[in-house]
Every structure is written in structure tokens, then in C-alpha cells.
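Enquirer: entry.pdb (PDB, C-alpha atoms and all ligand atoms) pasted underneath:
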```
MODEL        1
ATOM      1  CA  MET A  93       7.495  -6.492 -28.973
ATOM      2  CA  LYS A  94       4.029  -7.892 -28.550
ATOM      3  CA  ILE A  95       1.314  -6.117 -26.536
ATOM      4  CA  VAL A  96      -0.946  -8.597 -24.767
ATOM      5  CA  HIS A  97      -4.081  -7.833 -22.757
ATOM      6  CA  THR A  98      -5.259 -11.247 -21.546
ATOM      7  CA  ILE A  99      -3.743 -13.877 -19.287
ATOM      8  CA  LYS A 100      -4.731 -16.613 -21.735
ATOM      9  CA  ASP A 101      -2.860 -15.005 -24.660
ATOM     10  CA  LEU A 102       0.217 -14.296 -22.576
ATOM     11  CA  GLN A 103       0.351 -17.821 -21.171
ATOM     12  CA  ALA A 104      -0.104 -19.368 -24.640
ATOM     13  CA  ASP A 105       2.897 -17.405 -25.959
ATOM     14  CA  LEU A 106       4.976 -18.055 -22.856
ATOM     15  CA  SER A 107       4.373 -21.798 -22.753
ATOM     16  CA  ALA A 108       5.591 -22.110 -26.357
ATOM     17  CA  LEU A 109       8.761 -20.175 -25.451
ATOM     18  CA  LYS A 110       9.300 -22.066 -22.185
ATOM     19  CA  ALA A 111       8.959 -25.355 -24.111
ATOM     20  CA  GLN A 112      12.009 -24.199 -26.113
ATOM     21  CA  GLY A 113      13.891 -23.763 -22.829
ATOM     22  CA  LYS A 114      13.739 -19.963 -22.800
ATOM     23  CA  ARG A 115      14.281 -18.232 -19.466
ATOM     24  CA  VAL A 116      11.639 -15.667 -18.561
ATOM     25  CA  GLY A 117      12.152 -12.458 -16.580
ATOM     26  CA  LEU A 118       9.352 -10.227 -15.302
ATOM     27  CA  VAL A 119       9.367  -6.490 -14.605
ATOM     28  CA  PRO A 120       6.151  -5.520 -12.776
ATOM     29  CA  THR A 121       5.187  -1.848 -13.301
ATOM     30  CA  MET A 122       2.222   0.467 -13.069
ATOM     31  CA  GLY A 123       3.186   2.219 -16.318
ATOM     32  CA  ALA A 124       4.043   5.922 -16.785
ATOM     33  CA  LEU A 125       7.476   4.515 -17.456
ATOM     34  CA  HIS A 126      10.692   6.508 -17.060
ATOM     35  CA  ALA A 127      14.443   5.922 -17.183
ATOM     36  CA  GLY A 128      14.303   4.097 -13.837
ATOM     37  CA  HIS A 129      11.957   1.499 -15.327
ATOM     38  CA  ALA A 130      14.097   1.398 -18.477
ATOM     39  CA  SER A 131      17.107   0.384 -16.367
ATOM     40  CA  LEU A 132      15.113  -2.529 -14.874
ATOM     41  CA  VAL A 133      13.896  -3.646 -18.290
ATOM     42  CA  LYS A 134      17.367  -3.456 -19.863
ATOM     43  CA  ARG A 135      18.816  -5.523 -17.029
ATOM     44  CA  CYS A 136      16.019  -8.075 -17.421
ATOM     45  CA  VAL A 137      16.623  -8.230 -21.187
ATOM     46  CA  ALA A 138      20.358  -8.746 -20.594
ATOM     47  CA  GLU A 139      19.823 -11.579 -18.090
ATOM     48  CA  ASN A 140      16.891 -13.522 -19.605
ATOM     49  CA  ASP A 141      15.744 -14.818 -22.993
ATOM     50  CA  VAL A 142      12.243 -13.388 -22.664
ATOM     51  CA  THR A 143      11.241 -10.172 -20.870
ATOM     52  CA  VAL A 144       7.642  -9.603 -19.789
ATOM     53  CA  VAL A 145       6.811  -6.101 -18.541
ATOM     54  CA  SER A 146       3.441  -5.802 -16.848
ATOM     55  CA  ILE A 147       1.674  -2.443 -17.002
ATOM     56  CA  PHE A 148      -1.175  -2.424 -14.530
ATOM     57  CA  VAL A 149      -2.304   0.330 -12.191
ATOM     58  CA  ASN A 150      -3.308  -1.949  -9.357
ATOM     59  CA  PRO A 151      -6.376  -0.595  -7.547
ATOM     60  CA  THR A 152      -5.941  -2.802  -4.472
ATOM     61  CA  GLN A 153      -2.734  -1.058  -3.415
ATOM     62  CA  PHE A 154      -4.244   2.445  -3.379
ATOM     63  CA  ASN A 155      -5.745   3.424  -0.057
ATOM     64  CA  ASP A 156      -6.636   6.849  -1.493
ATOM     65  CA  LYS A 157      -9.188   6.904  -4.372
ATOM     66  CA  ASN A 158      -7.988  10.336  -5.483
ATOM     67  CA  ASP A 159      -4.406   9.072  -5.778
ATOM     68  CA  LEU A 160      -5.618   6.137  -7.918
ATOM     69  CA  ALA A 161      -7.682   8.432 -10.182
ATOM     70  CA  LYS A 162      -4.745  10.811 -10.658
ATOM     71  CA  TYR A 163      -2.093   8.144 -11.213
ATOM     72  CA  PRO A 164      -0.496   8.957 -14.607
ATOM     73  CA  ARG A 165      -1.358   6.602 -17.485
ATOM     74  CA  SER A 166       0.466   6.567 -20.842
ATOM     75  CA  LEU A 167       0.247   3.120 -22.472
ATOM     76  CA  GLU A 168       1.311   4.217 -25.957
ATOM     77  CA  ALA A 169       4.469   6.030 -24.808
ATOM     78  CA  ASP A 170       5.198   3.157 -22.389
ATOM     79  CA  CYS A 171       5.118   0.627 -25.225
ATOM     80  CA  GLU A 172       7.483   2.750 -27.308
ATOM     81  CA  LEU A 173       9.963   2.848 -24.420
ATOM     82  CA  LEU A 174       9.656  -0.917 -23.860
ATOM     83  CA  GLU A 175      10.174  -1.643 -27.534
ATOM     84  CA  ALA A 176      13.350   0.483 -27.491
ATOM     85  CA  CYS A 177      14.598  -1.397 -24.392
ATOM     86  CA  GLY A 178      14.143  -4.775 -26.097
ATOM     87  CA  ALA A 179      11.225  -6.152 -24.047
ATOM     88  CA  THR A 180       9.463  -9.187 -25.525
ATOM     89  CA  PHE A 181       5.952  -8.635 -24.120
ATOM     90  CA  ALA A 182       4.043  -5.707 -22.654
ATOM     91  CA  PHE A 183       1.293  -7.277 -20.568
ATOM     92  CA  ALA A 184      -1.438  -4.670 -20.023
ATOM     93  CA  PRO A 185      -4.503  -6.379 -18.518
ATOM     94  CA  SER A 186      -7.761  -4.715 -17.461
ATOM     95  CA  VAL A 187      -8.867  -4.605 -13.826
ATOM     96  CA  GLU A 188     -11.543  -7.251 -14.658
ATOM     97  CA  GLU A 189      -8.887  -9.508 -16.168
ATOM     98  CA  MET A 190      -6.721  -9.344 -13.042
ATOM     99  CA  TYR A 191      -9.564  -9.326 -10.513
ATOM    100  CA  PRO A 192     -12.601 -11.195 -11.928
ATOM    101  CA  GLN A 193     -13.612 -11.575  -8.265
ATOM    102  CA  PRO A 194     -12.407  -9.481  -5.343
ATOM    103  CA  ASP A 195      -9.076 -10.752  -4.043
ATOM    104  CA  THR A 196      -9.770 -11.778  -0.447
ATOM    105  CA  ARG A 197      -6.277 -13.094   0.247
ATOM    106  CA  ARG A 198      -4.442 -11.334   3.065
ATOM    107  CA  PHE A 199      -0.685 -10.826   3.195
ATOM    108  CA  SER A 200       0.909  -9.685   6.395
ATOM    109  CA  TYR A 201       4.653  -9.530   7.073
ATOM    110  CA  PRO A 202       5.142  -7.802  10.398
ATOM    111  CA  PRO A 203       7.209  -6.002  11.452
ATOM    112  CA  LEU A 204       8.309  -5.112   7.898
ATOM    113  CA  ASP A 205       4.881  -3.897   6.794
ATOM    114  CA  THR A 206       3.703  -2.217  10.001
ATOM    115  CA  VAL A 207       6.143   0.708   9.843
ATOM    116  CA  MET A 208       6.642   3.713   7.523
ATOM    117  CA  GLU A 209       4.561   3.208   4.333
ATOM    118  CA  GLY A 210       2.673   0.391   6.081
ATOM    119  CA  LYS A 211       1.669   2.764   8.877
ATOM    120  CA  TYR A 212       0.735   5.716   6.640
ATOM    121  CA  ARG A 213      -0.866   3.708   3.817
ATOM    122  CA  PRO A 214      -2.870   0.938   5.528
ATOM    123  CA  GLY A 215      -3.536  -1.965   3.163
ATOM    124  CA  HIS A 216      -0.992  -0.761   0.611
ATOM    125  CA  PHE A 217       1.427  -3.659   0.953
ATOM    126  CA  ASN A 218      -1.409  -6.170   1.100
ATOM    127  CA  GLY A 219      -2.459  -4.884  -2.343
ATOM    128  CA  VAL A 220       1.127  -4.959  -3.633
ATOM    129  CA  CYS A 221       1.508  -8.599  -2.510
ATOM    130  CA  GLN A 222      -1.863  -9.524  -4.036
ATOM    131  CA  VAL A 223      -0.903  -8.229  -7.472
ATOM    132  CA  VAL A 224       2.745  -9.303  -7.406
ATOM    133  CA  SER A 225       1.845 -12.861  -6.336
ATOM    134  CA  LYS A 226      -0.810 -12.980  -9.084
ATOM    135  CA  LEU A 227       1.728 -11.787 -11.671
ATOM    136  CA  PHE A 228       4.228 -14.415 -10.485
ATOM    137  CA  ASP A 229       1.519 -17.060 -10.816
ATOM    138  CA  ILE A 230       0.517 -15.906 -14.319
ATOM    139  CA  VAL A 231       4.032 -15.455 -15.766
ATOM    140  CA  LYS A 232       5.981 -17.968 -13.617
ATOM    141  CA  PRO A 233       9.228 -16.063 -14.225
ATOM    142  CA  GLN A 234      12.644 -17.340 -13.190
ATOM    143  CA  ARG A 235      13.573 -13.781 -12.147
ATOM    144  CA  ALA A 236      11.630 -10.624 -11.264
ATOM    145  CA  TYR A 237      13.088  -7.118 -11.160
ATOM    146  CA  PHE A 238      12.183  -4.400  -8.659
ATOM    147  CA  GLY A 239      13.644  -0.937  -8.048
ATOM    148  CA  GLU A 240      15.455  -0.246  -4.784
ATOM    149  CA  LYS A 241      13.702   3.139  -4.835
ATOM    150  CA  ASP A 242      10.692   1.395  -3.270
ATOM    151  CA  PHE A 243      12.940   0.172  -0.515
ATOM    152  CA  GLN A 244      10.257  -1.141   1.838
ATOM    153  CA  GLN A 245       8.295  -2.749  -1.021
ATOM    154  CA  LEU A 246      11.392  -4.664  -2.115
ATOM    155  CA  ALA A 247      11.984  -5.972   1.436
ATOM    156  CA  ILE A 248       8.343  -7.111   1.704
ATOM    157  CA  VAL A 249       8.293  -8.792  -1.719
ATOM    158  CA  ARG A 250      11.485 -10.653  -0.767
ATOM    159  CA  GLU A 251       9.845 -11.745   2.500
ATOM    160  CA  MET A 252       6.685 -12.907   0.692
ATOM    161  CA  VAL A 253       8.791 -14.972  -1.716
ATOM    162  CA  ARG A 254      10.763 -16.430   1.197
ATOM    163  CA  GLN A 255       7.714 -17.308   3.323
ATOM    164  CA  LEU A 256       5.640 -18.714   0.415
ATOM    165  CA  ARG A 257       8.705 -20.436  -1.065
ATOM    166  CA  LEU A 258       7.893 -18.994  -4.494
ATOM    167  CA  PRO A 259      10.272 -20.260  -7.185
ATOM    168  CA  VAL A 260      11.439 -16.835  -8.384
ATOM    169  CA  GLU A 261      14.662 -14.918  -7.864
ATOM    170  CA  ILE A 262      14.071 -11.317  -6.817
ATOM    171  CA  VAL A 263      16.573  -8.886  -8.329
ATOM    172  CA  GLY A 264      16.818  -5.450  -6.708
ATOM    173  CA  CYS A 265      18.085  -2.677  -9.017
ATOM    174  CA  PRO A 266      19.644   0.656  -8.000
ATOM    175  CA  GLU A 267      17.565   3.831  -7.768
ATOM    176  CA  VAL A 268      17.902   6.200 -10.751
ATOM    177  CA  ARG A 269      18.025   9.986 -10.213
ATOM    178  CA  GLU A 270      17.713  13.109 -12.315
ATOM    179  CA  GLU A 271      20.767  15.376 -12.497
ATOM    180  CA  SER A 272      19.221  17.467  -9.699
ATOM    181  CA  GLY A 273      19.207  14.355  -7.507
ATOM    182  CA  LEU A 274      15.417  13.936  -7.669
ATOM    183  CA  ALA A 275      14.604  10.210  -7.555
ATOM    184  CA  LEU A 276      12.780   9.157 -10.727
ATOM    185  CA  SER A 277       9.140   8.324 -10.070
ATOM    186  CA  SER A 278       6.029   8.081 -12.225
ATOM    187  CA  ARG A 279       4.471  10.584  -9.822
ATOM    188  CA  ASN A 280       7.025  13.238 -10.900
ATOM    189  CA  ALA A 281       4.901  13.670 -14.051
ATOM    190  CA  ARG A 282       2.373  15.456 -11.816
ATOM    191  CA  LEU A 283       4.875  18.083 -10.560
ATOM    192  CA  SER A 284       4.873  21.648 -11.930
ATOM    193  CA  ASP A 285       8.288  23.174 -12.804
ATOM    194  CA  GLY A 286       8.398  24.999  -9.453
ATOM    195  CA  GLU A 287       7.401  21.878  -7.529
ATOM    196  CA  ARG A 288      10.084  19.890  -9.339
ATOM    197  CA  GLN A 289      12.725  22.283  -7.954
ATOM    198  CA  ASP A 290      11.292  21.904  -4.444
ATOM    199  CA  ALA A 291      11.184  18.120  -4.870
ATOM    200  CA  ALA A 292      14.874  18.078  -5.834
ATOM    201  CA  ARG A 293      15.645  19.521  -2.375
ATOM    202  CA  ILE A 294      14.532  16.209  -0.798
ATOM    203  CA  SER A 295      17.472  14.214  -2.153
ATOM    204  CA  GLN A 296      19.843  17.167  -1.722
ATOM    205  CA  ILE A 297      18.989  17.267   2.000
ATOM    206  CA  LEU A 298      19.365  13.477   2.254
ATOM    207  CA  PHE A 299      22.787  13.625   0.578
ATOM    208  CA  ALA A 300      23.879  16.485   2.880
ATOM    209  CA  SER A 301      22.826  14.348   5.859
ATOM    210  CA  ARG A 302      25.359  11.637   4.962
ATOM    211  CA  PRO A 303      28.533  13.550   5.993
ATOM    212  CA  TYR A 304      26.518  15.123   8.848
ATOM    213  CA  ALA A 305      25.665  11.645  10.152
ATOM    214  CA  LYS A 306      29.374  10.765  10.446
ATOM    215  CA  GLU A 307      29.765  13.412  13.202
ATOM    216  CA  HIS A 308      26.321  13.307  14.817
ATOM    217  CA  THR A 309      23.893  10.983  16.560
ATOM    218  CA  VAL A 310      20.893   9.299  14.933
ATOM    219  CA  GLU A 311      18.600  11.731  16.763
ATOM    220  CA  GLU A 312      20.572  14.773  15.535
ATOM    221  CA  THR A 313      20.661  13.430  11.982
ATOM    222  CA  LYS A 314      16.897  12.916  12.047
ATOM    223  CA  ARG A 315      16.464  16.529  13.181
ATOM    224  CA  PHE A 316      18.851  17.747  10.454
ATOM    225  CA  VAL A 317      16.693  16.173   7.734
ATOM    226  CA  GLU A 318      13.373  17.120   9.331
ATOM    227  CA  GLN A 319      14.427  20.759   9.745
ATOM    228  CA  GLY A 320      15.936  20.879   6.248
ATOM    229  CA  ILE A 321      12.641  19.765   4.728
ATOM    230  CA  ALA A 322      10.584  22.056   6.973
ATOM    231  CA  ALA A 323      12.664  24.982   5.667
ATOM    232  CA  VAL A 324      11.406  24.438   2.087
ATOM    233  CA  PRO A 325       7.953  26.070   1.940
ATOM    234  CA  GLY A 326       6.697  23.805  -0.879
ATOM    235  CA  LEU A 327       7.440  20.577   1.030
ATOM    236  CA  ARG A 328       5.498  18.873   3.834
ATOM    237  CA  LEU A 329       7.211  16.012   5.645
ATOM    238  CA  GLU A 330       5.123  12.918   6.386
ATOM    239  CA  TYR A 331       7.912  10.979   8.084
ATOM    240  CA  PHE A 332      11.656  10.500   8.154
ATOM    241  CA  GLU A 333      12.933   7.351   9.858
ATOM    242  CA  ILE A 334      16.435   5.982  10.228
ATOM    243  CA  VAL A 335      16.077   2.208  10.231
ATOM    244  CA  ASP A 336      18.011  -1.027  10.053
ATOM    245  CA  GLY A 337      17.941  -1.734   6.308
ATOM    246  CA  ASN A 338      17.113  -5.411   6.862
ATOM    247  CA  THR A 339      14.485  -5.302   9.614
ATOM    248  CA  LEU A 340      13.169  -1.797   8.743
ATOM    249  CA  GLN A 341      12.939  -1.052  12.469
ATOM    250  CA  ALA A 342      13.988   2.386  13.735
ATOM    251  CA  ILE A 343      17.428   2.541  15.300
ATOM    252  CA  ALA A 344      18.442   4.765  18.215
ATOM    253  CA  ASP A 345      22.209   4.434  17.792
ATOM    254  CA  TRP A 346      24.447   3.985  14.738
ATOM    255  CA  HIS A 347      25.940   0.936  16.474
ATOM    256  CA  ASP A 348      22.514  -0.780  16.419
ATOM    257  CA  THR A 349      23.173  -1.841  12.799
ATOM    258  CA  SER A 350      25.868  -2.031  10.143
ATOM    259  CA  TYR A 351      23.248  -1.086   7.516
ATOM    260  CA  ALA A 352      21.463   2.147   8.450
ATOM    261  CA  VAL A 353      19.007   3.614   5.948
ATOM    262  CA  GLY A 354      17.094   6.897   6.113
ATOM    263  CA  CYS A 355      13.612   6.647   4.581
ATOM    264  CA  VAL A 356      11.567   9.720   3.852
ATOM    265  CA  THR A 357       8.090  10.545   2.565
ATOM    266  CA  VAL A 358       7.312  14.122   1.623
ATOM    267  CA  TYR A 359       4.344  15.853   0.018
ATOM    268  CA  CYS A 360       5.335  18.292  -2.686
ATOM    269  CA  GLY A 361       2.084  20.131  -3.361
ATOM    270  CA  GLU A 362      -0.402  17.267  -3.737
ATOM    271  CA  VAL A 363       2.188  14.738  -4.864
ATOM    272  CA  ARG A 364       3.474  12.185  -2.374
ATOM    273  CA  LEU A 365       7.152  11.346  -2.947
ATOM    274  CA  ILE A 366       9.400   8.786  -1.275
ATOM    275  CA  ASP A 367      13.175   8.524  -1.184
ATOM    276  CA  HIS A 368      15.907   6.885   0.890
ATOM    277  CA  ILE A 369      19.628   7.013   1.545
ATOM    278  CA  ASP A 370      22.058   4.605   3.164
ATOM    279  CA  TYR A 371      24.489   5.896   5.792
TER     280      TYR A 371
HETATM  281  O1  LIG A 401       6.315  -0.506  -7.700
HETATM  282  C1  LIG A 401       5.282  -0.533  -8.401
HETATM  283  O2  LIG A 401       5.190   0.122  -9.439
HETATM  284  C2  LIG A 401       4.105  -1.373  -7.937
HETATM  285  O3  LIG A 401       3.954  -1.330  -6.556
HETATM  286  C3  LIG A 401       4.153  -2.818  -8.460
HETATM  287  C4  LIG A 401       5.349  -3.579  -7.894
HETATM  288  C5  LIG A 401       4.226  -2.817  -9.970
HETATM  289  C6  LIG A 401       2.887  -3.564  -8.043
HETATM  290  O4  LIG A 401       1.743  -2.951  -8.545
ENDMDL
END
```
Can you turn what I pasted into C-alpha cells?
Ligand code: PAF
Expert:
Amino acid sequence: MKIVHTIKDLQADLSALKAQGKRVGLVPTMGALHAGHASLVKRCVAENDVTVVSIFVNPTQFNDKNDLAKYPRSLEADCELLEACGATFAFAPSVEEMYPQPDTRRFSYPPLDTVMEGKYRPGHFNGVCQVVSKLFDIVKPQRAYFGEKDFQQLAIVREMVRQLRLPVEIVGCPEVREESGLALSSRNARLSDGERQDAARISQILFASRPYAKEHTVEETKRFVEQGIAAVPGLRLEYFEIVDGNTLQAIADWHDTSYAVGCVTVYCGEVRLIDHIDY
């Protein structure tokens, strides 16, 4: 695997490979890689001739400076994992390389980006679309791989690709969990052992809400999850919404959709964690 830091070097290598007819897949990441990322990379390797994994902690998607400063960074370990997964390139540019001038483009996909994470993290999805569209432009992949863990992000990236008619196929890959049920996230690296146990309760409560939902209303199911999380002293709920999985709009009745998804954001100590479940 080759580690590349500049757009020019990456594009020089890629154009030689594309000239040989090689198909290129891209896995955008912010590093601090874990088994969830590994599953994306392995799928990309299996489905394409060339796999580019970008490792870039994108400042424009952080609305909280403290969160950006504390975001875990581990380039050396990341490259070892990527090598083991069979990636072709790790693309790890600097902030100056990606943003030589401020990116003044604005991306807005209401109502997908006005709810949930969009409401609590203003500007977040604008930053995600800025960097993802730049990466698509730099790499020009045939396919790009995103985790379903970031459920709302995946819906918005798909919408951006649809509206801008970008020539890339978006592949959504299933969420990966620890044995405890905790959804894998780079942010888990910041949890203490005690916090990790509290954090595992999030998915356990979500899973318990699935059979509960079969016998109860949307309202009652929301309360079940909210009260379950409130009962764990180490957790602080930001929101729990039950939405139509396509429009991301809150539903009032199970009959409002055939694809209901519960999306949750919870603080565990200082660490902000997201998860979701389909009903
Ligand atoms: O999901 C992430 O890690 C990031 O939001 C992404 C897609 C790599 C863009 O910075």
C-alpha cells in the first residue's frame, strides 16, 4: 500500500491505473480506524481493482472546536490496518492541501439535513458535503463506500449525488457492533472502561425497543427508549426520533411508513455517540 499526502501525487498514480482500465473505489474516513472501517475497506477491495482510503479529519464538519481538537488521530496504526485489508492507497492530505482557500460552497438538502444531526450540529452536513464532493472530484471513483452507522449522513450523501448527478455509485455498508452491542465508532477510543459499559446500554435499550414496538405506539416506544436512557446515570440523551428511513421525517404512527428507523444521540461523559435501529 502506498501512503500519499498530495492530490497531485494521488492523481498521477490513479490516472496511470485508470488508463489500464482499473476500476477505482473510495472509502472516505477521518482515521482512528476500527473494524467497522475495515469492513468497508474489505468490501471496496473485493469489488474494485484499486481502493483509495482517505484519512482526513475534516475541520469544516465540526461545529465544536473542542470536538475537533479531541478527535482521535492515529495515522500509523490506521495505515497498518489498511495494509492488512488490502487497500491500494492511503490518502492523508493536510488541511492546507484540501482547503488552500476557504470552501465557500453551500450544500443544503432539506428536509433531510434540517432534522436530528442537522438540527443539533448546524453546518455539519454542509462540511461533510464539502469534503465528500472534493474527494469525489479528486479521486473520481466508480464507487464510494459509507457506513450505515451514520444513517443520516448516508441519506444526505446519496441526495447530493442524485441532485448533482455525480458519476459515482454510493454503497451503504451495515453497521458493525462490539459483542456488547456498542456500535463501533472512532469516538469510542475516548471512553473509559466504565463509560464503555454505559455506552453499551444504548444499543441494548434500542434492541429491547424492537419487540416493545410491536405491541406499542410510536409515542410509547419513544418514551420507552427515552426513559431507558435516562435510567443510566452515565448517559445524557440529546434526542431520540422515530423517522421514516427514506425522508428522515418523524412519524406519529407505525402505518405512516413501511421503513421506520429510531435514531438516537447520547452523551456518554463528554463523548457524543449516535446509533440507530430499524423497526
Ligand atoms: O463519516 C465520516 O467519517 C466523515 O463524515 C466522512 C464521510 C469521512 C467525511 O469527512
Enquirer: Take the PyMOL selection byres (((not hetatm)) within 8 of (chain A and resi 401)), run it mentally on this structure, and tell me the resulting residues as a PDB file with C-alpha atoms, keeping the file's coordinate frame.
Expert:
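Below is the file out20.pdb, written as the result:
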```pdb
ATOM      1  CA  VAL A 119       9.367  -6.490 -14.605  1.00  0.00           C
ATOM      2  CA  PRO A 120       6.151  -5.520 -12.776  1.00  0.00           C
ATOM      3  CA  THR A 121       5.187  -1.848 -13.301  1.00  0.00           C
ATOM      4  CA  MET A 122       2.222   0.467 -13.069  1.00  0.00           C
ATOM      5  CA  GLY A 123       3.186   2.219 -16.318  1.00  0.00           C
ATOM      6  CA  SER A 146       3.441  -5.802 -16.848  1.00  0.00           C
ATOM      7  CA  ILE A 147       1.674  -2.443 -17.002  1.00  0.00           C
ATOM      8  CA  PHE A 148      -1.175  -2.424 -14.530  1.00  0.00           C
ATOM      9  CA  VAL A 149      -2.304   0.330 -12.191  1.00  0.00           C
ATOM     10  CA  ASN A 150      -3.308  -1.949  -9.357  1.00  0.00           C
ATOM     11  CA  GLN A 153      -2.734  -1.058  -3.415  1.00  0.00           C
ATOM     12  CA  GLY A 219      -2.459  -4.884  -2.343  1.00  0.00           C
ATOM     13  CA  VAL A 220       1.127  -4.959  -3.633  1.00  0.00           C
ATOM     14  CA  CYS A 221       1.508  -8.599  -2.510  1.00  0.00           C
ATOM     15  CA  VAL A 223      -0.903  -8.229  -7.472  1.00  0.00           C
ATOM     16  CA  VAL A 224       2.745  -9.303  -7.406  1.00  0.00           C
ATOM     17  CA  PHE A 238      12.183  -4.400  -8.659  1.00  0.00           C
ATOM     18  CA  GLY A 239      13.644  -0.937  -8.048  1.00  0.00           C
ATOM     19  CA  ASP A 242      10.692   1.395  -3.270  1.00  0.00           C
ATOM     20  CA  GLN A 245       8.295  -2.749  -1.021  1.00  0.00           C
TER      21      GLN A 245
END
```
Enquirer: Would you kindly translate the PyMOL selection byres (((chain A and resi 175) around 12) and not hetatm) into the concrete residues it picks from this file, as an MDAnalysis selection string?
Expert: chainID A and resid 93:95 130 133:134 137 143:145 168:174 176:182
Enquirer: Which residues are near segment 312-317 of chain A? Cut-off 12 Å, all atoms listed in the file, ignore same chain within fewer than 6 positions. Put them as a PyMOL selection string.
Expert: chain A and resi 293-306+323-324+329+331-335+342-346+352-358+368-369+371
Enquirer: Pick from A:Val142, A:Met190, A:Ala108, A:Leu274: nearest to Ile230 of chain A, with all atoms listed in the file counted?
Expert: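 The answer is A:Met190, which sits nearest to Ile230 of chain A.
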Enquirer: One decimal, in Å: what's the spacing between atom CA of Arg135 of chain A and atom CA of Lys226 of chain A?
Expert: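 Those two atoms sit 22.4 Å apart.
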Enquirer: What is the atom CA of Phe243 of chain A-atom CA of Ile262 of chain A distance in Å, reported with one decimal?
Expert: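 A separation of 13.2 Å between them.
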Enquirer: For the PyMOL selection byres (((chain A and resi 281-286) around 9) and not hetatm), applied here, can you spell out every residue it catches as a PyMOL selection string?
Expert: chain A and resi 124+162-164+277-280+287-291+326+360-363
Enquirer: May I ask for the distance between atom CA of Ala275 of chain A and atom CA of Asp141 of chain A, given in Å to one decimal place?
Expert: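 Atom CA of Ala275 of chain A sits 29.4 Å away from atom CA of Asp141 of chain A.
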